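The data block below is model.cif; it holds mmCIF, C-alpha atoms.
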```cif
data_upload
#
loop_
_atom_site.label_atom_id
_atom_site.label_comp_id
_atom_site.auth_asym_id
_atom_site.auth_seq_id
_atom_site.Cartn_x
_atom_site.Cartn_y
_atom_site.Cartn_z
CA MET A 1 -7.95 26.06 -42.86
CA ILE A 2 -4.56 25.05 -41.42
CA GLU A 3 -5.90 25.97 -37.97
CA LEU A 4 -8.58 23.26 -38.25
CA HIS A 5 -6.02 20.54 -38.88
CA TRP A 6 -4.03 21.49 -35.81
CA GLN A 7 -7.18 21.21 -33.79
CA ALA A 8 -7.96 17.75 -35.19
CA ALA A 9 -4.42 16.52 -34.57
CA TRP A 10 -4.54 17.77 -30.98
CA GLU A 11 -7.89 16.04 -30.39
CA ALA A 12 -6.57 12.80 -31.90
CA LEU A 13 -3.51 12.98 -29.62
CA ILE A 14 -5.25 13.58 -26.29
CA HIS A 15 -8.08 11.15 -26.97
CA HIS A 16 -5.85 8.32 -28.20
CA PRO A 17 -6.27 5.21 -26.00
CA LEU A 18 -2.55 5.28 -25.19
CA PHE A 19 -2.48 8.92 -24.08
CA GLY A 20 -3.24 8.05 -20.44
CA VAL A 21 -0.53 5.38 -20.42
CA ALA A 22 1.96 7.80 -21.98
CA ILE A 23 1.45 10.61 -19.49
CA THR A 24 1.46 8.16 -16.56
CA LEU A 25 4.77 6.61 -17.64
CA ALA A 26 6.39 9.96 -18.41
CA VAL A 27 5.19 11.79 -15.31
CA PHE A 28 6.08 8.90 -13.00
CA GLN A 29 9.65 8.74 -14.26
CA LEU A 30 9.96 12.48 -13.83
CA ALA A 31 8.61 12.32 -10.27
CA TYR A 32 10.81 9.33 -9.45
CA ALA A 33 13.94 11.07 -10.74
CA ALA A 34 13.10 14.15 -8.67
CA TYR A 35 12.69 11.97 -5.56
CA GLU A 36 15.94 10.05 -6.20
CA LYS A 37 17.84 13.28 -6.61
CA THR A 38 16.51 15.13 -3.59
CA ARG A 39 15.49 12.23 -1.27
CA TRP A 40 12.99 14.72 0.09
CA VAL A 41 10.16 12.83 1.86
CA PHE A 42 7.45 15.20 0.62
CA LEU A 43 8.30 14.31 -2.98
CA GLN A 44 6.68 10.85 -2.80
CA PRO A 45 6.61 9.73 -6.47
CA VAL A 46 2.98 8.56 -6.34
CA LEU A 47 1.79 11.78 -4.73
CA VAL A 48 3.69 14.03 -7.15
CA SER A 49 2.64 11.98 -10.20
CA MET A 50 -0.98 12.08 -9.08
CA MET A 51 -0.98 15.86 -8.78
CA LEU A 52 0.78 16.39 -12.11
CA ILE A 53 -1.58 14.02 -13.95
CA VAL A 54 -4.67 15.62 -12.42
CA GLY A 55 -3.28 18.96 -13.65
CA ILE A 56 -2.67 17.64 -17.17
CA LEU A 57 -6.13 16.06 -17.36
CA LEU A 58 -7.80 19.27 -16.22
CA LEU A 59 -5.79 21.32 -18.73
CA CYS A 60 -6.70 18.98 -21.60
CA GLY A 61 -10.30 18.73 -20.49
CA ILE A 62 -10.19 14.93 -20.16
CA ASP A 63 -12.44 13.46 -17.45
CA TYR A 64 -11.36 10.77 -15.03
CA ASP A 65 -13.35 7.98 -16.68
CA GLU A 66 -11.58 8.43 -20.00
CA TYR A 67 -8.18 8.41 -18.26
CA ARG A 68 -9.14 5.36 -16.18
CA ILE A 69 -10.03 3.34 -19.25
CA SER A 70 -6.78 4.29 -20.96
CA ALA A 71 -4.67 3.53 -17.86
CA GLN A 72 -6.30 0.12 -17.35
CA TRP A 73 -3.32 -1.29 -19.17
CA LEU A 74 -1.30 -0.49 -16.01
CA THR A 75 -3.89 -1.02 -13.25
CA LEU A 76 -4.60 -4.57 -14.45
CA LEU A 77 -1.15 -5.56 -13.17
CA LEU A 78 -2.09 -4.64 -9.57
CA GLY A 79 -3.64 -8.09 -9.09
CA PRO A 80 -0.52 -10.12 -9.95
CA ALA A 81 1.56 -7.58 -7.96
CA THR A 82 -0.56 -8.32 -4.89
CA VAL A 83 -0.03 -12.05 -5.41
CA ALA A 84 3.71 -11.34 -5.73
CA LEU A 85 3.81 -10.07 -2.11
CA ALA A 86 3.81 -13.73 -1.06
CA VAL A 87 7.40 -14.09 -2.32
CA PRO A 88 9.22 -11.56 -0.04
CA LEU A 89 7.06 -12.81 2.81
CA TYR A 90 8.26 -16.36 2.19
CA LEU A 91 11.89 -15.26 1.82
CA ASN A 92 11.74 -13.51 5.22
CA LEU A 93 10.38 -16.55 6.96
CA ARG A 94 13.53 -17.28 9.00
CA ARG A 95 13.47 -13.82 10.58
CA ILE A 96 9.82 -14.27 11.47
CA ARG A 97 10.59 -17.52 13.29
CA GLU A 98 13.34 -15.98 15.44
CA LEU A 99 11.05 -13.38 16.97
CA PHE A 100 7.81 -15.27 16.38
CA GLY A 101 6.09 -14.52 19.71
CA PRO A 102 6.72 -10.76 19.86
CA ILE A 103 5.83 -10.33 16.19
CA VAL A 104 2.52 -12.18 16.41
CA ILE A 105 1.43 -10.43 19.61
CA THR A 106 2.44 -6.97 18.35
CA LEU A 107 0.76 -7.59 15.03
CA LEU A 108 -2.52 -8.72 16.55
CA VAL A 109 -2.72 -6.15 19.35
CA ALA A 110 -1.26 -3.13 17.54
CA GLY A 111 -2.85 -3.97 14.18
CA VAL A 112 -6.34 -4.23 15.66
CA PHE A 113 -5.63 -1.15 17.79
CA ALA A 114 -4.51 0.95 14.80
CA THR A 115 -7.54 0.02 12.69
CA ALA A 116 -10.05 0.36 15.55
CA LEU A 117 -8.60 3.71 16.66
CA GLY A 118 -8.86 5.10 13.13
CA MET A 119 -12.46 3.99 12.73
CA ALA A 120 -13.47 5.17 16.24
CA LEU A 121 -11.95 8.60 15.61
CA ALA A 122 -13.66 8.87 12.21
CA TRP A 123 -16.96 7.96 13.83
CA ALA A 124 -16.39 10.50 16.65
CA PHE A 125 -15.58 13.23 14.10
CA GLY A 126 -18.87 12.44 12.36
CA ALA A 127 -17.59 11.12 9.03
CA ASP A 128 -20.21 9.26 6.99
CA ASP A 129 -20.19 5.50 6.41
CA MET A 130 -18.53 5.67 3.03
CA ILE A 131 -15.59 7.66 4.43
CA LEU A 132 -15.45 5.36 7.49
CA MET A 133 -15.10 2.25 5.32
CA THR A 134 -12.51 4.04 3.21
CA LEU A 135 -10.44 5.01 6.26
CA ALA A 136 -10.49 1.54 7.82
CA PRO A 137 -7.70 -0.02 5.73
CA LYS A 138 -5.49 3.11 5.67
CA SER A 139 -2.51 1.52 7.45
CA VAL A 140 -2.15 -1.14 4.80
CA THR A 141 -0.08 -1.04 1.64
CA SER A 142 -2.10 0.49 -1.19
CA PRO A 143 -3.10 -2.48 -3.39
CA ILE A 144 -4.50 -4.30 -0.39
CA ALA A 145 -6.12 -1.16 1.04
CA MET A 146 -7.78 -0.47 -2.27
CA LEU A 147 -9.04 -4.02 -2.64
CA VAL A 148 -10.32 -4.08 0.93
CA ALA A 149 -11.97 -0.65 0.63
CA GLU A 150 -13.83 -1.89 -2.44
CA GLN A 151 -14.95 -5.06 -0.66
CA ILE A 152 -16.34 -3.25 2.42
CA GLY A 153 -18.02 -0.40 0.56
CA GLY A 154 -15.45 2.40 0.59
CA VAL A 155 -14.07 4.43 -2.29
CA VAL A 156 -11.06 2.83 -3.95
CA ALA A 157 -9.44 6.06 -5.16
CA LEU A 158 -9.91 7.76 -1.79
CA ALA A 159 -8.43 4.75 0.00
CA ALA A 160 -5.30 5.11 -2.12
CA VAL A 161 -5.04 8.77 -1.17
CA PHE A 162 -5.53 8.09 2.57
CA VAL A 163 -2.90 5.37 2.36
CA MET A 164 -0.45 7.75 0.71
CA ILE A 165 -1.09 10.54 3.25
CA THR A 166 -0.67 8.08 6.13
CA GLY A 167 2.53 6.68 4.66
CA VAL A 168 4.15 10.03 3.94
CA LEU A 169 3.17 11.33 7.39
CA GLY A 170 4.61 8.22 9.06
CA ALA A 171 7.86 8.44 7.12
CA ILE A 172 8.26 12.12 7.99
CA CYS A 173 7.39 12.04 11.72
CA GLY A 174 7.99 8.36 12.56
CA PRO A 175 11.76 8.11 13.14
CA GLU A 176 11.91 11.25 15.31
CA LEU A 177 8.78 10.30 17.26
CA LEU A 178 10.05 6.78 17.98
CA ARG A 179 13.39 8.18 19.16
CA ARG A 180 11.66 10.59 21.58
CA PHE A 181 9.66 7.75 23.10
CA GLY A 182 12.81 5.66 23.57
CA VAL A 183 12.15 3.00 20.92
CA GLN A 184 15.68 2.09 19.75
CA HIS A 185 15.58 -1.60 18.88
CA PRO A 186 15.82 -1.84 15.06
CA ALA A 187 13.23 -4.63 14.91
CA ALA A 188 10.76 -2.57 16.96
CA ARG A 189 11.33 0.57 14.87
CA GLY A 190 10.92 -1.45 11.67
CA ILE A 191 7.71 -3.13 12.82
CA ALA A 192 6.24 0.22 13.90
CA LEU A 193 7.06 1.90 10.58
CA GLY A 194 5.93 -1.01 8.41
CA LEU A 195 2.74 -1.74 10.33
CA THR A 196 1.43 1.83 10.42
CA ALA A 197 3.04 3.46 7.38
CA HIS A 198 3.33 0.46 4.96
CA ALA A 199 5.51 0.84 1.84
CA VAL A 200 6.52 4.44 2.46
CA GLY A 201 7.43 3.61 6.07
CA THR A 202 9.34 0.56 4.85
CA ALA A 203 11.37 2.68 2.43
CA GLN A 204 12.19 5.00 5.33
CA ALA A 205 13.13 2.05 7.57
CA LEU A 206 15.46 0.68 4.87
CA GLN A 207 17.46 3.90 5.14
CA GLU A 208 18.00 3.33 8.87
CA SER A 209 19.40 -0.20 8.52
CA ASP A 210 18.87 -3.50 6.68
CA GLU A 211 17.47 -5.17 9.79
CA CYS A 212 15.03 -2.32 10.40
CA GLY A 213 13.94 -2.47 6.76
CA ALA A 214 13.44 -6.24 6.75
CA PHE A 215 11.17 -6.04 9.79
CA ALA A 216 9.26 -3.16 8.24
CA ALA A 217 8.68 -5.19 5.06
CA LEU A 218 7.59 -8.12 7.20
CA ALA A 219 5.17 -6.03 9.28
CA MET A 220 3.81 -4.44 6.11
CA SER A 221 3.03 -7.76 4.45
CA LEU A 222 1.65 -9.41 7.57
CA MET A 223 -0.51 -6.39 8.43
CA GLY A 224 -1.70 -6.41 4.81
CA VAL A 225 -2.70 -10.06 4.87
CA MET A 226 -4.32 -9.74 8.28
CA THR A 227 -6.36 -6.70 7.22
CA ALA A 228 -7.30 -8.29 3.91
CA VAL A 229 -8.50 -11.46 5.58
CA LEU A 230 -10.05 -10.12 8.79
CA LEU A 231 -11.49 -6.68 8.01
CA PRO A 232 -14.03 -7.79 5.35
CA LEU A 233 -15.04 -10.68 7.64
CA VAL A 234 -15.52 -8.40 10.67
CA VAL A 235 -17.45 -5.83 8.65
CA ALA A 236 -19.64 -8.58 7.13
CA LEU A 237 -20.40 -9.93 10.64
CA LEU A 238 -21.13 -6.53 12.22
CA LEU A 239 -23.35 -5.03 9.52
CA MET B 1 12.71 -16.68 -17.33
CA LEU B 2 10.68 -13.72 -16.21
CA LEU B 3 7.69 -14.98 -18.21
CA ARG B 4 7.39 -18.27 -16.35
CA GLY B 5 7.24 -16.50 -12.99
CA LEU B 6 4.78 -13.98 -14.36
CA THR B 7 2.58 -16.80 -15.64
CA TRP B 8 2.44 -18.30 -12.14
CA LEU B 9 1.52 -14.95 -10.59
CA VAL B 10 -1.28 -14.41 -13.11
CA ALA B 11 -2.47 -18.02 -12.70
CA PHE B 12 -2.69 -17.65 -8.91
CA GLN B 13 -4.55 -14.35 -9.29
CA LEU B 14 -7.08 -16.03 -11.63
CA LEU B 15 -7.42 -19.02 -9.32
CA GLY B 16 -8.09 -16.54 -6.48
CA THR B 17 -10.79 -14.87 -8.56
CA VAL B 18 -12.52 -18.19 -9.24
CA LEU B 19 -12.46 -19.08 -5.52
CA ASN B 20 -13.70 -15.59 -4.66
CA VAL B 21 -16.79 -16.07 -6.81
CA LEU B 22 -17.40 -19.67 -5.74
CA PHE B 23 -16.75 -19.70 -1.97
CA LEU B 24 -15.25 -16.54 -0.52
CA PRO B 25 -17.15 -13.43 -1.65
CA MET B 26 -15.70 -11.36 1.26
CA LEU B 27 -12.05 -11.84 0.27
CA PRO B 28 -10.59 -10.11 -2.80
CA GLY B 29 -9.34 -12.53 -5.49
CA PRO B 30 -5.70 -11.33 -5.54
CA ILE B 31 -5.51 -11.73 -1.73
CA ILE B 32 -6.72 -15.33 -1.98
CA GLY B 33 -4.12 -15.80 -4.72
CA MET B 34 -1.39 -14.42 -2.46
CA VAL B 35 -2.33 -16.67 0.46
CA LEU B 36 -2.43 -19.70 -1.86
CA LEU B 37 0.96 -18.84 -3.39
CA PHE B 38 2.44 -18.43 0.10
CA ALA B 39 1.03 -21.81 1.13
CA GLY B 40 2.39 -23.30 -2.11
CA LEU B 41 5.88 -21.91 -1.43
CA LEU B 42 5.76 -23.30 2.13
CA ALA B 43 4.76 -26.72 0.82
CA ARG B 44 7.42 -26.69 -1.88
CA GLY B 45 10.12 -25.37 0.42
CA ARG B 46 11.71 -22.93 -2.03
CA ALA B 47 10.89 -20.05 -4.37
CA SER B 48 12.13 -20.62 -7.92
CA GLU B 49 14.39 -18.02 -9.52
CA SER B 50 11.85 -17.13 -12.20
CA LEU B 51 9.19 -16.49 -9.57
CA GLN B 52 11.54 -14.33 -7.50
CA LEU B 53 12.51 -12.38 -10.61
CA ALA B 54 8.90 -11.82 -11.68
CA ALA B 55 7.83 -10.84 -8.15
CA SER B 56 10.67 -8.39 -7.57
CA SER B 57 10.23 -6.80 -11.02
CA LEU B 58 6.51 -6.28 -10.45
CA LEU B 59 6.95 -5.01 -6.89
CA ARG B 60 9.64 -2.59 -8.06
CA TYR B 61 7.04 -0.86 -10.21
CA LEU B 62 4.26 -1.08 -7.64
CA PRO B 63 4.30 2.73 -7.09
CA LEU B 64 3.79 3.26 -10.84
CA LEU B 65 0.80 0.90 -10.88
CA LEU B 66 -0.72 2.87 -8.00
CA VAL B 67 -0.70 6.19 -9.85
CA PRO B 68 -3.87 5.71 -11.98
CA PRO B 69 -6.06 4.69 -9.01
CA ALA B 70 -4.67 7.62 -7.01
CA VAL B 71 -5.65 10.01 -9.81
CA GLY B 72 -9.22 8.86 -9.14
CA VAL B 73 -9.26 11.27 -6.22
CA MET B 74 -10.17 14.02 -8.71
CA ALA B 75 -13.59 12.42 -8.99
CA TYR B 76 -14.12 12.66 -5.22
CA THR B 77 -12.97 16.17 -4.25
CA GLU B 78 -16.45 17.00 -2.95
CA ALA B 79 -16.64 14.00 -0.62
CA ILE B 80 -13.21 14.87 0.80
CA LEU B 81 -14.05 18.55 1.34
CA ASP B 82 -17.31 17.61 3.08
CA ASP B 83 -15.46 15.59 5.72
CA PHE B 84 -12.15 17.43 5.51
CA TRP B 85 -11.40 17.94 9.23
CA ALA B 86 -12.64 14.51 10.21
CA ILE B 87 -10.30 12.95 7.65
CA VAL B 88 -7.25 15.01 8.61
CA GLY B 89 -7.88 14.49 12.34
CA VAL B 90 -8.31 10.75 11.96
CA LEU B 91 -5.26 10.29 9.76
CA VAL B 92 -2.89 12.36 11.91
CA ILE B 93 -4.00 11.29 15.41
CA SER B 94 -4.44 7.59 14.70
CA LEU B 95 -1.12 7.35 12.83
CA LEU B 96 0.92 9.06 15.56
CA VAL B 97 -0.68 7.15 18.43
CA SER B 98 -0.50 3.72 16.81
CA LEU B 99 3.06 4.26 15.56
CA VAL B 100 4.40 4.96 19.05
CA PHE B 101 2.25 2.23 20.60
CA THR B 102 3.43 -0.39 18.07
CA GLY B 103 7.12 0.46 18.54
CA TRP B 104 6.83 0.49 22.31
CA LEU B 105 4.91 -2.83 22.44
CA MET B 106 7.37 -4.62 20.14
CA GLN B 107 10.41 -3.34 22.07
CA THR B 108 8.91 -4.34 25.41
CA LEU B 109 8.13 -7.85 24.12
CA ILE B 110 11.63 -8.29 22.60
CA ARG B 111 13.30 -7.22 25.86
CA ARG B 112 11.10 -9.55 27.89
CA LYS B 113 12.00 -12.43 25.59
CA GLN B 114 15.72 -11.61 25.86
CA ARG B 115 15.48 -11.51 29.68
CA GLN B 116 13.72 -14.88 29.69
CA GLN B 117 16.43 -16.39 27.47
CA GLU B 118 19.18 -14.98 29.70
CA GLY B 119 17.38 -16.28 32.81
CA ALA B 120 16.94 -19.77 31.35
#
```
Rewrite the coordinates I just gave you, this time as structure tokens.
Amino acid sequence: MIELHWQAAWEALIHHPLFGVAITLAVFQLAYAAYEKTRWVFLQPVLVSMMLIVGILLLCGIDYDEYRISAQWLTLLLGPATVALAVPLYLNLRRIRELFGPIVITLLVAGVFATALGMALAWAFGADDMILMTLAPKSVTSPIAMLVAEQIGGVVALAAVFVMITGVLGAICGPELLRRFGVQHPAARGIALGLTAHAVGTAQALQESDECGAFAALAMSLMGVMTAVLLPLVVALLL
Amino acid sequence: MLLRGLTWLVAFQLLGTVLNVLFLPMLPGPIIGMVLLFAGLLARGRASESLQLAASSLLRYLPLLLVPPAVGVMAYTEAILDDFWAIVGVLVISLLVSLVFTGWLMQTLIRRKQRQQEGA
């Protein structure tokens, strides 16, 4: 008889609407502490949290839809967070003005190049349309990539994963690769890391120097806005 | 005054959503909100302390907010496995090539600008 009650309590716990929020908060703090302690690039908090939560959900037999509804409490804030990106962009305005020409040209040429190269490669490798549209915004910081992927017919969750993989890869290989190709100017290193590897690249750039980090943050936000504004327009015109 | 800043952020997001439905179906609501807020800050000439506080607090927890959508990948394992090599190839090659290209282009442009300023 006692056994039955345990079962009921367990069911009530894992199916409570706050269960998803609880595991997300707990797991994220754990992952973040591990990253802070080790500073190991492979321990990206989002990546680690994602894997741990998928494990917990599978163990408890909860499907993604139930978790998604519970975690809505957190995801709802992504909208205002995207709007909030306007503030650091505005605060960095003076730096933008100093190197206005180089920044605008690099952003336009390299930003279009990075997106076009990704899509051309995906097409050449024979990925289907859904994957293609999901890969297109991969260089952009996640909230924007996810919004854009949704607008042009990709998969939001997959876009977030591609963004994370791209960012972690860029943070791991970027600094060494740039050094080998003789890119030493902090502004150039920052722009390269922020434009191609978004938030993760920016975090990496901040460890090199403040100037490098500021330019990375700048490139990240500008690339984000440009992708958000132009990519859905281009896709709407071409299809 | 975290709340006042937060109210502005939410208000701009909602305004963006309204404009998205009315005029700009191809742009996500929050993006329209961000562009409008940026334009507003430019027009006003300064960012209030409450807005800066709200923005930096939200952006600090951005990675946390991204966890639930990332977990969504468990619903798409099949789609990823189907195109596994295409995805890996695209992500690795395009990242490495565009990273080096971006850094090189920016450095070349900065040096050219410095030379022009020294010449002038």
Tell me which residues the PyMOL selection byres ((chain B and resi 2-13) around 6) grabs here, as a short mmCIF file (atom, residue, chain, number, x, y, z; two decimals) with C-alpha atoms, keeping the file's coordinate frame.
```cif
data_model
loop_
_atom_site.label_atom_id
_atom_site.label_comp_id
_atom_site.auth_asym_id
_atom_site.auth_seq_id
_atom_site.Cartn_x
_atom_site.Cartn_y
_atom_site.Cartn_z
CA PRO A 80 -0.52 -10.12 -9.95
CA MET B 1 12.71 -16.68 -17.33
CA LEU B 14 -7.08 -16.03 -11.63
CA LEU B 15 -7.42 -19.02 -9.32
CA GLY B 16 -8.09 -16.54 -6.48
CA PRO B 30 -5.70 -11.33 -5.54
CA GLY B 33 -4.12 -15.80 -4.72
CA SER B 50 11.85 -17.13 -12.20
CA LEU B 51 9.19 -16.49 -9.57
CA ALA B 54 8.90 -11.82 -11.68
#
```
The PyMOL selection byres ((chain A) within 7 of (chain B)) resolved against shown file, as a VMD selection string: chain A and resid 28 46 49 to 50 54 64 68 71 74 to 75 78 to 87 90 102 106 110 114 117 to 118 121 to 122 125 to 127 147 151 157 to 158 160 to 161 166 170 178 183 185 188 to 189 191 to 193 196 228 to 229 232 to 233
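Between CA of Glu36 (chain A) and CA of Cys60 (chain A) there is a distance of 28.8 Å.
Our summary of the geometry notes that CA of Trp73 (chain A) is positioned 25.3 Å from CA of Ser221 (chain A).
Running the PyMOL selection byres ((chain A and resi 222) around 10) on this file leaves A:Leu85, A:Ala86, A:Leu89, A:Ile103, A:Val104, A:Leu107, A:Leu108, A:Gly111, A:Val140, A:Gly194, A:Leu195, A:Ala216, A:Ala217, A:Leu218, A:Ala219, A:Met220, A:Ser221, A:Met223, A:Gly224, A:Val225, A:Met226, A:Thr227, A:Ala228 selected.
Those DNA, RNA and protein residues that approach the point (13.2, 3.0, 6.7) to within 9 Å, considering all atoms listed in the file, are Ala171, Pro175, Arg189, Gly190, Leu193, Gly194, Val200, Gly201, Thr202, Ala203, Gln204, Ala205, Leu206, Gln207, Glu208, Ser209, Asp210, Cys212, Gly213 and Ala216 of chain A.
In this comparison, which uses only C-alpha atoms, the residue of A:Val168, A:Gly182, A:Gln7, A:Ala214 approaching Leu43 (chain A) most closely is A:Val168.
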Between CA of Ser70 (chain A) and CA of Leu132 (chain A), distance in Å (one decimal): 29.8 Å
Nearby residues (all atoms listed in the file) at most 7 Å from Gly154 (chain A), same-chain spacing under 3 positions excluded, as a PyMOL selection string: chain A and resi 130-131+133-134+149-150
Residues near Glu11 (chain A), cut-off 12 Å, all atoms listed in the file, skip fewer than 6 positions along chain, as a count of residues only: 7
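Using all atoms listed in the file, the smallest distance between any of A:Tyr67, A:Pro186, A:Gln44, A:Val156 and Leu169 (chain A) comes from A:Gln44.
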As a PDB file, in the coordinates of the input, please: region 59-85 of chain A completed to N, CA and C atoms.
```
ATOM      1  N   LEU A  59      -6.190  20.413 -17.649  1.00  0.00           N
ATOM      2  CA  LEU A  59      -5.790  21.320 -18.730  1.00  0.00           C
ATOM      3  C   LEU A  59      -6.320  20.852 -20.080  1.00  0.00           C
ATOM      4  N   CYS A  60      -6.260  19.524 -20.311  1.00  0.00           N
ATOM      5  CA  CYS A  60      -6.700  18.980 -21.600  1.00  0.00           C
ATOM      6  C   CYS A  60      -8.200  18.765 -21.652  1.00  0.00           C
ATOM      7  N   GLY A  61      -8.867  18.948 -20.519  1.00  0.00           N
ATOM      8  CA  GLY A  61     -10.300  18.730 -20.490  1.00  0.00           C
ATOM      9  C   GLY A  61     -10.698  17.267 -20.641  1.00  0.00           C
ATOM     10  N   ILE A  62      -9.859  16.352 -20.114  1.00  0.00           N
ATOM     11  CA  ILE A  62     -10.190  14.930 -20.160  1.00  0.00           C
ATOM     12  C   ILE A  62     -10.781  14.554 -18.801  1.00  0.00           C
ATOM     13  N   ASP A  63     -11.904  13.816 -18.763  1.00  0.00           N
ATOM     14  CA  ASP A  63     -12.440  13.460 -17.450  1.00  0.00           C
ATOM     15  C   ASP A  63     -11.812  12.165 -16.943  1.00  0.00           C
ATOM     16  N   TYR A  64     -12.046  11.889 -15.659  1.00  0.00           N
ATOM     17  CA  TYR A  64     -11.360  10.770 -15.030  1.00  0.00           C
ATOM     18  C   TYR A  64     -11.690   9.443 -15.686  1.00  0.00           C
ATOM     19  N   ASP A  65     -12.949   9.257 -16.095  1.00  0.00           N
ATOM     20  CA  ASP A  65     -13.350   7.980 -16.680  1.00  0.00           C
ATOM     21  C   ASP A  65     -12.556   7.645 -17.939  1.00  0.00           C
ATOM     22  N   GLU A  66     -12.341   8.674 -18.771  1.00  0.00           N
ATOM     23  CA  GLU A  66     -11.580   8.430 -20.000  1.00  0.00           C
ATOM     24  C   GLU A  66     -10.139   8.036 -19.661  1.00  0.00           C
ATOM     25  N   TYR A  67      -9.550   8.730 -18.678  1.00  0.00           N
ATOM     26  CA  TYR A  67      -8.180   8.410 -18.260  1.00  0.00           C
ATOM     27  C   TYR A  67      -8.117   6.999 -17.675  1.00  0.00           C
ATOM     28  N   ARG A  68      -9.120   6.667 -16.842  1.00  0.00           N
ATOM     29  CA  ARG A  68      -9.140   5.360 -16.180  1.00  0.00           C
ATOM     30  C   ARG A  68      -9.140   4.227 -17.200  1.00  0.00           C
ATOM     31  N   ILE A  69      -9.945   4.383 -18.236  1.00  0.00           N
ATOM     32  CA  ILE A  69     -10.030   3.340 -19.250  1.00  0.00           C
ATOM     33  C   ILE A  69      -8.695   3.194 -19.982  1.00  0.00           C
ATOM     34  N   SER A  70      -8.072   4.330 -20.274  1.00  0.00           N
ATOM     35  CA  SER A  70      -6.780   4.290 -20.960  1.00  0.00           C
ATOM     36  C   SER A  70      -5.706   3.666 -20.077  1.00  0.00           C
ATOM     37  N   ALA A  71      -5.725   3.986 -18.769  1.00  0.00           N
ATOM     38  CA  ALA A  71      -4.670   3.530 -17.860  1.00  0.00           C
ATOM     39  C   ALA A  71      -4.896   2.110 -17.360  1.00  0.00           C
ATOM     40  N   GLN A  72      -6.010   1.490 -17.773  1.00  0.00           N
ATOM     41  CA  GLN A  72      -6.300   0.120 -17.350  1.00  0.00           C
ATOM     42  C   GLN A  72      -5.158  -0.842 -17.647  1.00  0.00           C
ATOM     43  N   TRP A  73      -4.491  -0.534 -18.726  1.00  0.00           N
ATOM     44  CA  TRP A  73      -3.320  -1.290 -19.170  1.00  0.00           C
ATOM     45  C   TRP A  73      -2.324  -1.455 -18.022  1.00  0.00           C
ATOM     46  N   LEU A  74      -2.209  -0.425 -17.156  1.00  0.00           N
ATOM     47  CA  LEU A  74      -1.300  -0.490 -16.010  1.00  0.00           C
ATOM     48  C   LEU A  74      -1.987  -1.071 -14.777  1.00  0.00           C
ATOM     49  N   THR A  75      -3.218  -0.612 -14.484  1.00  0.00           N
ATOM     50  CA  THR A  75      -3.890  -1.020 -13.250  1.00  0.00           C
ATOM     51  C   THR A  75      -4.185  -2.525 -13.215  1.00  0.00           C
ATOM     52  N   LEU A  76      -4.329  -3.127 -14.394  1.00  0.00           N
ATOM     53  CA  LEU A  76      -4.600  -4.570 -14.450  1.00  0.00           C
ATOM     54  C   LEU A  76      -3.506  -5.361 -13.738  1.00  0.00           C
ATOM     55  N   LEU A  77      -2.278  -4.832 -13.751  1.00  0.00           N
ATOM     56  CA  LEU A  77      -1.150  -5.560 -13.170  1.00  0.00           C
ATOM     57  C   LEU A  77      -1.152  -5.521 -11.637  1.00  0.00           C
ATOM     58  N   LEU A  78      -2.049  -4.712 -11.035  1.00  0.00           N
ATOM     59  CA  LEU A  78      -2.090  -4.640  -9.570  1.00  0.00           C
ATOM     60  C   LEU A  78      -2.422  -5.988  -8.947  1.00  0.00           C
ATOM     61  N   GLY A  79      -3.262  -6.779  -9.609  1.00  0.00           N
ATOM     62  CA  GLY A  79      -3.640  -8.090  -9.090  1.00  0.00           C
ATOM     63  C   GLY A  79      -2.432  -9.007  -8.939  1.00  0.00           C
ATOM     64  N   PRO A  80      -1.724  -9.296 -10.055  1.00  0.00           N
ATOM     65  CA  PRO A  80      -0.520 -10.120  -9.950  1.00  0.00           C
ATOM     66  C   PRO A  80       0.521  -9.533  -8.978  1.00  0.00           C
ATOM     67  N   ALA A  81       0.607  -8.193  -8.884  1.00  0.00           N
ATOM     68  CA  ALA A  81       1.560  -7.580  -7.960  1.00  0.00           C
ATOM     69  C   ALA A  81       1.192  -7.916  -6.517  1.00  0.00           C
ATOM     70  N   THR A  82      -0.116  -7.948  -6.224  1.00  0.00           N
ATOM     71  CA  THR A  82      -0.560  -8.320  -4.890  1.00  0.00           C
ATOM     72  C   THR A  82      -0.181  -9.771  -4.594  1.00  0.00           C
ATOM     73  N   VAL A  83      -0.416 -10.651  -5.567  1.00  0.00           N
ATOM     74  CA  VAL A  83      -0.030 -12.050  -5.410  1.00  0.00           C
ATOM     75  C   VAL A  83       1.476 -12.157  -5.156  1.00  0.00           C
ATOM     76  N   ALA A  84       2.252 -11.291  -5.834  1.00  0.00           N
ATOM     77  CA  ALA A  84       3.710 -11.340  -5.730  1.00  0.00           C
ATOM     78  C   ALA A  84       4.209 -11.032  -4.320  1.00  0.00           C
ATOM     79  N   LEU A  85       3.391 -10.371  -3.491  1.00  0.00           N
ATOM     80  CA  LEU A  85       3.810 -10.070  -2.110  1.00  0.00           C
ATOM     81  C   LEU A  85       4.106 -11.332  -1.319  1.00  0.00           C
TER      82      LEU A  85
END
```
